[in-house]
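Asker: Let me give you the structure first, and then I'll get to my questions.
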Amino acid sequence: LVFSADVVDNDTTATTPVKKWEHNPLQFSNYTPMGTGVDSDDFMKDRRNKDGTPGSARGDDASSSLVLIMRRLSQLIDPRENNESVCILALTLINIALETAPASQIGQFPDLIEIMRQDLCKHLLLLSTWEDLNILSLTLRVIFNLFNSIKDHLKVQLEVFLTSVHLRILDGDQPELRELALESLLEFCQEPALMQDLYVNYDCDVQCTNLFESICKALANQASLTNSSNDDGDELSEDDQPVNILNRLALEGILAIIESIASHCKAPIPPGSGKDSNRAWFGPESRHSSSNSSFVAIDSDTESDASSVFGAGGAPPSPAEYQWMQEAREKTGQMLKERKRKKQCLYLAAAAFNKDPLKREWITYAESLSVLPKPATAESVAEFLFSTPKLDKTQIGLYLSKGPPEKYPFIQEVLKCFTKLFSFVGMEFSEALRSFLGRFRLPGEAQCIDRLMEAFSARLYEQCLSSDDSVFRNADAAFVLSFSTIMLNTDLHNPNLPDEKRMTIEQFIRNNRGINDGENIPEYFLRDLYSQIKENEIQVQQDQTQGLLMSDEGILKLDEDGIFQKSVATPFFTPKNTARNTYFKASIQEKDMFTSISSSAISCMSSVFRRTKDDALVVKVLRGFQQVAQICVYFSMDELFNEVLMLLLDDARDYIVDAHMANGQDAAGPLQDKGNGPLPSAFLKASDPDNDVDTYFSGNIIVGSALHRGLLSLYCALTLVKAHSAIIREAWPILIDCMFALRDTKALPVSLSELDDFADSKGSVLPPSIFAKRSFDRWQDYMDFIASARDDDANVGLWESVTSVLAPKLPSESNRDEREDRTKDESTASFTSVLALVVQSCALDQVLMQKRELPHAIRILRALLDATDPSIVGQYIDSPLFEHHAVFALELSARVLLSHRKRAHELYPMLLAKVRVALQGSQNKKTPYLMERACVTILRSCIHLFDKEEMRPLLLESLEMLSTAPDFLMRQIADRVACGVAIILRGSYATLESEAEWLLMRRLLDIAKFDSGRKIMFDGIASCIEFELNAHSDAQYGLGPVGQKLFLDVLEEFVAGAYDGDTSLRIPAMNFM
């Protein structure tokens, strides 16, 4: 390799033949150093004597050879010294070496690591500014391989690379370069445990950037980035903009991060506990989980892999060890959270300082954040300015140089304390000046520069007093030379100054004569200083990206002074074997990680999910939503869980409504504007009772997923609802909207979708009222109108594919009409049956009616009742959709109330308030069917709850409201009211005591004045009297005197024909009297 590198020089016209390298990766295990004649295993070992002391080992030879090779290769990738072909060859060789060399062996050679940390990384940083795709691709690959090989030695370098290379490129406007950067970032994201390590090592380190958060935000931004117009220049809506390769790569990075967090969010069973996990698990089983669920799962069956995780014995931890490790991890998580909090406080204080450093408000704010003590001292402020990241260096320079001292004594004291934090011992003069000026930017005013340089020279001279070789006789000499050096730096590196006008070394020496207490500073000292400044500019003004500087010409160049010099906390990266094979429960650090990225991640996932036409990507995003929900459940992040659920339900609702609208009232016909494509075959197979819809998510049957993403969203959403209904809050309204849409398509179970109603004495359900018929007809006409308004020529798409799969082909042309009718019927059946299958598999009826804790019951009841209020649901009261859906919501509200009988006294007031609005509202005549169902709801509630003493006042209040209902309503629903009142009397007459209660019943019994309720009401009174006669002796009637008188009065009305002159019931009435 050394020989080949010498042959390939920068002269592209050289005629020296160079043998092309065949791509046969060089394995260290097969490599024998030239002239050694030994096996590589012996060659790589650092041999020792029997007593353990280092011997004359061949390992020293190996170290020298490897260092020589890597140093030469590092030199060959310096783009300032080598041409493109040389850089490409050297990068290729470095990649081969890093990909084939065992990382544990590379770590044995400190000199080799130092070359890779310094020269190699510097030149890689320079190469990253090139726009050549080959070089950039190889550079990014070397960066990734470097991380995999010696990541424990590259904490600062990795931060520089990811921020100054990957994220910088993503901020650019060249798609090809951004694609390469995204591919490289995706590799990082897919590394096991790397994202957690980035969070721990960088986001929780005050001196580092929030690297994990920055990467996630950049990926989310790239995933959502769209073009507002197509190739023809036409404006596109967001949902119509296609997903490009950049969107996809960025999204896969986000999904990999989410999967990494979710893999730790399944609560395992502690060894020996004998308990089952109390956490629901949905989606794919983690490779770490098993039916017996232990603390650790091993991917490989080899003994060596087990040993790498558990130690030489290869045994899993005992329950006590497991508990200790989990407690230690929890404590670490708490510590990291506190460090993250302090870092955030520092950032907030830094932002306040950057805004206006000369006002004292930032100090007061920093005191409130506990960043500075109260009251703040000059020492604490100096320490803050010296060590806090994110401070604007220009503002630091302005603050420290503010004067005069007598006007700003506190700032003057801060400047003195600030300079005391520097140690210039052992430094050359130029090095000390660079160190000082690296903490701030020099202001433009000469007086401000004077104050800063005076403080610097005082500190430098103070520390030079103990040095025998100090050239300065007093601090003034250091001050003058400092100012002179800054002028030299500006003169030598001003791009607008011709070379012939730049300061020469003789001029520099002459300018500094007699400044050292009347004597000259040694000439050798000034010559060395001149050379140092000429060769390496002191950077005092440029904008800086970590490791790179922006020149005045707008060109990025290497920051030779500050690169890789930052002081950071000791790094810790999880070993790859441990990351792949060991499972820990998620702790507070994973929660903080997820919290920091959740909003942007969900937003970009939703954007891509709506726009993509790729089946596989739809399934990946749905899996991502499942994993996000899984994380939310694990960490009790209920609000975010509801946000994910609402996204899924929103897409599901639109899908159902669009399909239903396009297919007409009977759901037959193709869905418009969706394109052709089959249903995911798993759903079609699942329509067979012998199959399970869950097979869709356990197989690779994904064709049609993009076209039917709404159907898959429905399944995922209802699966989450079934597993975690107790934490649903904000998602209830949209879940109810989905239920409305499912009911419209007849996909809900009959037991759930049909309204409960009264039956006559023969058990036959009463016929629909005129209000019910009108409401249904209005809704059906509306749906037909919407369907007919669609362009018939566009009716090609969604359910046409279902027809092609399920409808048999009839060859006879004479049976064309019959075939079309049959196809339409089977398309309808497929649409409804598939939706019904999803609902059935998720047991939606059980979810709604199950008994809950009071807060959960209140949430669902409030959501259902809100659907009966047009001002809340955002619909006009005379809309046919509103009344059709409101009566169903009221029906479900009643069922929820009755399923929580023990809590009815706390829930019923909510129901009563909405019923009052429906019956007595100013616009109630526009929704007569809703008024009818409100009356039925009151009667059903009384029938079921009148035996509860605490409920009677509320129920009597409801009946009082019913007794005042308008005649136009009661005339049409008299049969239902009569049935309800009769049942109430029959079951509860013995509990009616006061005269007021019986008078209320008397008013309700007057429903007999309407023909449809007369016979039913008479039968109810008769039933009460017959039961009373059969149940008691003459002296022990349960019906009191007030009740007896009421019944007699009503029977007298029947005898007298007071109800519209009807005397048909006179004789039986006389008998009962």
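Naming works like this for the structure tokens: A, B, ... for the chains as they're shown, residue 1 at the start of each chain, ligands 1 onward in shown order.
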Excluding range 424-438 of chain A and its own-chain neighbours fewer than 3 positions away, which residues fall within 8 Å of it when counting only C-alpha atoms? Please give them as a list in words.

Answerer: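 The filter keeps Arg441, Leu442, Phe456, Leu460, Gln463, Cys464, Ser482, Leu529, Gln532, Ile533, Ile538, Gln539, Val540 and Asp561 of chain A.
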
Asker: Counting only C-alpha atoms, what is within 12 Å of Thr595 in chain A, bar same-chain residues fewer than 4 positions away, as a short mmCIF file (atom, residue, chain, number, x, y, z; two decimals) with N, CA and C atoms, in the first residue's frame?

Answerer:
data_model
loop_
_atom_site.label_atom_id
_atom_site.label_comp_id
_atom_site.auth_asym_id
_atom_site.auth_seq_id
_atom_site.Cartn_x
_atom_site.Cartn_y
_atom_site.Cartn_z
N PHE A 212 -29.16 14.32 18.79
CA PHE A 212 -30.28 13.42 18.51
C PHE A 212 -31.50 14.21 18.04
N GLU A 213 -31.81 15.26 18.76
CA GLU A 213 -32.98 16.07 18.41
C GLU A 213 -32.78 16.76 17.06
N CYS A 216 -33.26 14.20 14.21
CA CYS A 216 -34.67 13.83 14.04
C CYS A 216 -35.46 14.95 13.38
N ILE A 258 -37.99 5.37 15.77
CA ILE A 258 -39.18 5.01 16.54
C ILE A 258 -39.17 3.53 16.89
N ILE A 261 -36.86 2.86 19.80
CA ILE A 261 -37.44 3.18 21.11
C ILE A 261 -38.53 2.20 21.47
N ILE A 588 -36.79 6.49 31.68
CA ILE A 588 -37.17 7.89 31.50
C ILE A 588 -36.38 8.53 30.36
N GLN A 589 -35.19 8.04 30.06
CA GLN A 589 -34.42 8.65 28.98
C GLN A 589 -35.08 8.36 27.63
N GLU A 590 -35.63 7.16 27.44
CA GLU A 590 -36.35 6.88 26.20
C GLU A 590 -37.61 7.74 26.10
N LYS A 591 -38.24 7.99 27.24
CA LYS A 591 -39.42 8.86 27.22
C LYS A 591 -39.05 10.27 26.79
N SER A 599 -43.67 15.13 18.04
CA SER A 599 -44.51 16.03 17.24
C SER A 599 -44.08 16.06 15.78
N SER A 600 -42.79 16.30 15.54
CA SER A 600 -42.30 16.36 14.16
C SER A 600 -42.38 15.00 13.48
N ALA A 601 -42.15 13.92 14.23
CA ALA A 601 -42.20 12.59 13.64
C ALA A 601 -43.61 12.24 13.19
N ILE A 602 -44.59 12.48 14.04
CA ILE A 602 -45.97 12.17 13.69
C ILE A 602 -46.43 13.01 12.51
N VAL A 628 -45.65 4.08 17.65
CA VAL A 628 -45.82 5.33 18.38
C VAL A 628 -46.89 5.16 19.46
N ILE A 631 -45.53 3.14 22.34
CA ILE A 631 -44.68 3.95 23.22
C ILE A 631 -45.54 4.83 24.12
N CYS A 632 -46.58 5.44 23.54
CA CYS A 632 -47.46 6.31 24.32
C CYS A 632 -48.14 5.54 25.45
N PHE A 635 -45.58 4.76 28.28
CA PHE A 635 -45.20 5.90 29.11
C PHE A 635 -46.40 6.72 29.58
N SER A 636 -47.61 6.20 29.37
CA SER A 636 -48.83 6.89 29.80
C SER A 636 -48.94 8.28 29.19
N MET A 637 -48.58 8.40 27.93
CA MET A 637 -48.69 9.67 27.20
C MET A 637 -50.03 9.68 26.47
N GLU A 639 -52.36 11.93 25.82
CA GLU A 639 -52.70 12.98 24.85
C GLU A 639 -52.12 12.67 23.48
N LEU A 640 -50.88 12.23 23.44
CA LEU A 640 -50.24 11.89 22.17
C LEU A 640 -50.86 10.64 21.56
#

Asker: Taking only C-alpha atoms into account, name the residue in A:Met783, A:Leu954, A:Ala894, A:Leu372 that is nearest to Val936 in chain A.

Answerer: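 Checking each of A:Met783, A:Leu954, A:Ala894, A:Leu372 against Val936 in chain A, counting only C-alpha atoms, the winner is A:Ala894.
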
Asker: So how many Å separate CA of Val618 in chain A and CA of Leu186 in chain A, to one decimal?

Answerer: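 Between CA of Val618 in chain A and CA of Leu186 in chain A the gap works out to 18.6 Å.
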
Asker: Env of Asp197 in chain A: 8 Å cut, atoms = only C-alpha atoms, seq-sep filter 4 positions within chain, self excluded. Answer as JSON, numbers by chain.

Answerer: {"A": [193, 201, 572, 573, 574]}

Asker: Write the residues of the preceding selection, restricted to N, CA, C and O atoms, as a compact mmCIF listing (two decimals), in the first residue's frame.

Answerer:
# COMPACT_ATOMS: atom_id res chain seq x y z
N ALA A 193 -29.14 0.70 19.15
CA ALA A 193 -28.84 1.51 20.35
C ALA A 193 -28.11 2.81 20.05
O ALA A 193 -27.82 3.57 20.97
N ASN A 201 -24.99 10.83 25.07
CA ASN A 201 -23.67 11.43 24.94
C ASN A 201 -23.68 12.89 24.49
O ASN A 201 -22.73 13.63 24.79
N PHE A 572 -19.73 7.29 26.20
CA PHE A 572 -20.07 5.88 26.40
C PHE A 572 -20.99 5.45 25.28
O PHE A 572 -22.08 6.00 25.12
N PHE A 573 -20.51 4.52 24.48
CA PHE A 573 -21.31 3.96 23.41
C PHE A 573 -21.52 2.47 23.68
O PHE A 573 -20.59 1.76 24.06
N THR A 574 -22.75 2.02 23.48
CA THR A 574 -23.08 0.63 23.73
C THR A 574 -22.36 -0.27 22.75
O THR A 574 -22.44 -0.04 21.53

Asker: Looking at A:Phe422, A:Phe1018, A:Tyr989, A:Tyr524, which one is nearest to Gly1038 in chain A, with distances taken over only C-alpha atoms?

Answerer: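 Closest residue, counting only C-alpha atoms: A:Tyr989.
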
Asker: What lies within 6 Å of range 239-247 of chain A using only C-alpha atoms, ignoring chain neighbours under 6 positions off, as a list of chain:residue names?

Answerer: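 Once the nearby chain positions are removed, what remains is A:Glu179, A:Gln222, A:Ala223, A:Arg611, A:Thr612.
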
Asker: Quick one: pull the distance between CA of Asp784 in chain A and CA of Ala741 in chain A, Å, one decimal.

Answerer: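 Computing it gives 15.2 Å between the two atoms.
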
Asker: Counting only C-alpha atoms, figure out which residue out of A:Lys585, A:Lys1009, A:Lys355, A:Arg901 gets nearest to Gly1057 in chain A.

Answerer: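 Closest to Gly1057 in chain A of all the choices is A:Lys1009.
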
Asker: Could you give me the residues within range 875-1026 of chain A that DSSP places in alpha helix (DSSP H), as a ChimeraX atom specification?

Answerer: /A:880-899,904-920,928-945,952-963,967-988,995-1005,1011-1026

Asker: What is the distance, in Å and to one decimal place, between CA of Lys122 in chain A and CA of Gln174 in chain A?

Answerer: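 Spanning CA of Lys122 in chain A to CA of Gln174 in chain A is a straight-line distance of 23.6 Å.
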
Asker: For range 930-934 of chain A, list every protein, DNA or RNA residue within 6 Å, evaluated using only C-alpha atoms, and leave out those in the same chain fewer than 4 positions away; present the list as a ChimeraX atom specification.

Answerer: /A:887,915,918-919

Asker: Pick out the closest residue to Ile728 in chain A from this set: A:Glu445, A:Glu1028, A:Asp638, A:Glu114. Count only C-alpha atoms.

Answerer: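 Checking each of A:Glu445, A:Glu1028, A:Asp638, A:Glu114 against Ile728 in chain A, counting only C-alpha atoms, the winner is A:Asp638.
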
Asker: With only C-alpha atoms as the counted atoms, please give the residues lying no more than 8 Å from Leu170 in chain A, apart from itself and same-chain residues fewer than 2 positions off, as an MDAnalysis selection string.

Answerer: chainID A and resid 166:168 172:173 177:178 181:182 218 222

Asker: For the selection you just gave me, I'd like the residues written to a file as a short mmCIF file (atom, residue, chain, number, x, y, z; two decimals), in the first residue's frame, keeping N, CA and C atoms.

Answerer:
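Okay, out_31.cif is ready:
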data_model
loop_
_atom_site.label_atom_id
_atom_site.label_comp_id
_atom_site.auth_asym_id
_atom_site.auth_seq_id
_atom_site.Cartn_x
_atom_site.Cartn_y
_atom_site.Cartn_z
N HIS A 166 -23.46 16.08 7.44
CA HIS A 166 -24.79 15.57 7.11
C HIS A 166 -25.86 16.66 7.19
N LEU A 167 -25.96 17.31 8.33
CA LEU A 167 -27.02 18.30 8.51
C LEU A 167 -26.79 19.53 7.63
N ARG A 168 -25.52 19.89 7.42
CA ARG A 168 -25.24 21.03 6.53
C ARG A 168 -25.68 20.72 5.11
N GLY A 172 -28.89 22.28 2.34
CA GLY A 172 -28.60 22.81 1.01
C GLY A 172 -29.74 22.57 0.04
N ASP A 173 -29.49 22.89 -1.23
CA ASP A 173 -30.55 22.80 -2.23
C ASP A 173 -30.18 21.87 -3.39
N LEU A 177 -26.84 15.54 -3.50
CA LEU A 177 -26.04 15.53 -2.28
C LEU A 177 -26.90 15.19 -1.07
N ARG A 178 -28.10 15.73 -1.03
CA ARG A 178 -29.00 15.44 0.09
C ARG A 178 -29.36 13.96 0.13
N ALA A 181 -26.49 12.20 1.78
CA ALA A 181 -26.47 12.46 3.22
C ALA A 181 -27.57 11.68 3.93
N LEU A 182 -28.74 11.59 3.32
CA LEU A 182 -29.84 10.84 3.93
C LEU A 182 -29.54 9.34 3.98
N ALA A 218 -34.26 17.27 11.40
CA ALA A 218 -33.82 17.37 10.00
C ALA A 218 -34.46 16.28 9.16
N GLN A 222 -37.09 16.80 6.05
CA GLN A 222 -36.86 16.26 4.71
C GLN A 222 -38.00 15.32 4.30
#

Asker: Could you give me, as a VMD selection string, the residues within 10 Å of Leu945 in chain A, counting only C-alpha atoms and dropping anything in the same chain fewer than 4 positions from it?

Answerer: chain A and resid 898 901 to 902 904 to 905 939 to 941 949 to 952 955 984

Asker: Would you write out those residues with N, CA and C atoms, as an mmCIF file, in the first residue's frame?

Answerer:
data_model
loop_
_atom_site.group_PDB
_atom_site.id
_atom_site.type_symbol
_atom_site.label_atom_id
_atom_site.label_comp_id
_atom_site.auth_asym_id
_atom_site.auth_seq_id
_atom_site.Cartn_x
_atom_site.Cartn_y
_atom_site.Cartn_z
ATOM 1 N N LEU A 898 -77.306 3.346 30.793
ATOM 2 C CA LEU A 898 -77.904 2.167 31.422
ATOM 3 C C LEU A 898 -76.869 1.091 31.733
ATOM 4 N N ARG A 901 -75.305 1.624 35.568
ATOM 5 C CA ARG A 901 -76.469 1.818 36.446
ATOM 6 C C ARG A 901 -76.074 2.367 37.809
ATOM 7 N N LYS A 902 -74.972 1.881 38.347
ATOM 8 C CA LYS A 902 -74.573 2.327 39.684
ATOM 9 C C LYS A 902 -74.120 3.779 39.692
ATOM 10 N N ALA A 904 -75.503 6.033 37.577
ATOM 11 C CA ALA A 904 -76.501 6.739 36.784
ATOM 12 C C ALA A 904 -76.830 8.108 37.357
ATOM 13 N N HIS A 905 -76.861 8.239 38.688
ATOM 14 C CA HIS A 905 -77.207 9.528 39.294
ATOM 15 C C HIS A 905 -76.168 10.607 38.990
ATOM 16 N N LEU A 939 -88.313 7.972 28.659
ATOM 17 C CA LEU A 939 -89.152 6.859 29.125
ATOM 18 C C LEU A 939 -88.317 5.622 29.425
ATOM 19 N N ARG A 940 -87.339 5.312 28.566
ATOM 20 C CA ARG A 940 -86.479 4.144 28.820
ATOM 21 C C ARG A 940 -85.680 4.330 30.102
ATOM 22 N N SER A 941 -85.180 5.532 30.327
ATOM 23 C CA SER A 941 -84.409 5.793 31.544
ATOM 24 C C SER A 941 -85.287 5.586 32.780
ATOM 25 N N GLU A 949 -83.743 5.072 44.354
ATOM 26 C CA GLU A 949 -84.342 6.197 45.061
ATOM 27 C C GLU A 949 -83.643 7.517 44.757
ATOM 28 N N GLU A 950 -82.307 7.483 44.615
ATOM 29 C CA GLU A 950 -81.587 8.728 44.363
ATOM 30 C C GLU A 950 -81.843 9.267 42.956
ATOM 31 N N MET A 951 -82.407 8.433 42.082
ATOM 32 C CA MET A 951 -82.668 8.862 40.716
ATOM 33 C C MET A 951 -84.062 9.468 40.539
ATOM 34 N N ARG A 952 -84.985 9.229 41.471
ATOM 35 C CA ARG A 952 -86.383 9.614 41.237
ATOM 36 C C ARG A 952 -86.585 11.102 41.027
ATOM 37 N N LEU A 955 -85.664 11.787 37.445
ATOM 38 C CA LEU A 955 -86.578 11.122 36.510
ATOM 39 C C LEU A 955 -87.938 11.804 36.492
ATOM 40 N N ILE A 984 -93.913 2.134 33.013
ATOM 41 C CA ILE A 984 -93.469 2.808 34.242
ATOM 42 C C ILE A 984 -94.487 2.602 35.355
#

Asker: Out of A:Leu133, A:Ile973, A:Ile169, A:Val896, which residue has the shortest atom-to-atom distance to Ile88 in chain A when counting only C-alpha atoms?

Answerer: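 Going through A:Leu133, A:Ile973, A:Ile169, A:Val896 one by one, the smallest distance to Ile88 in chain A is for A:Leu133.
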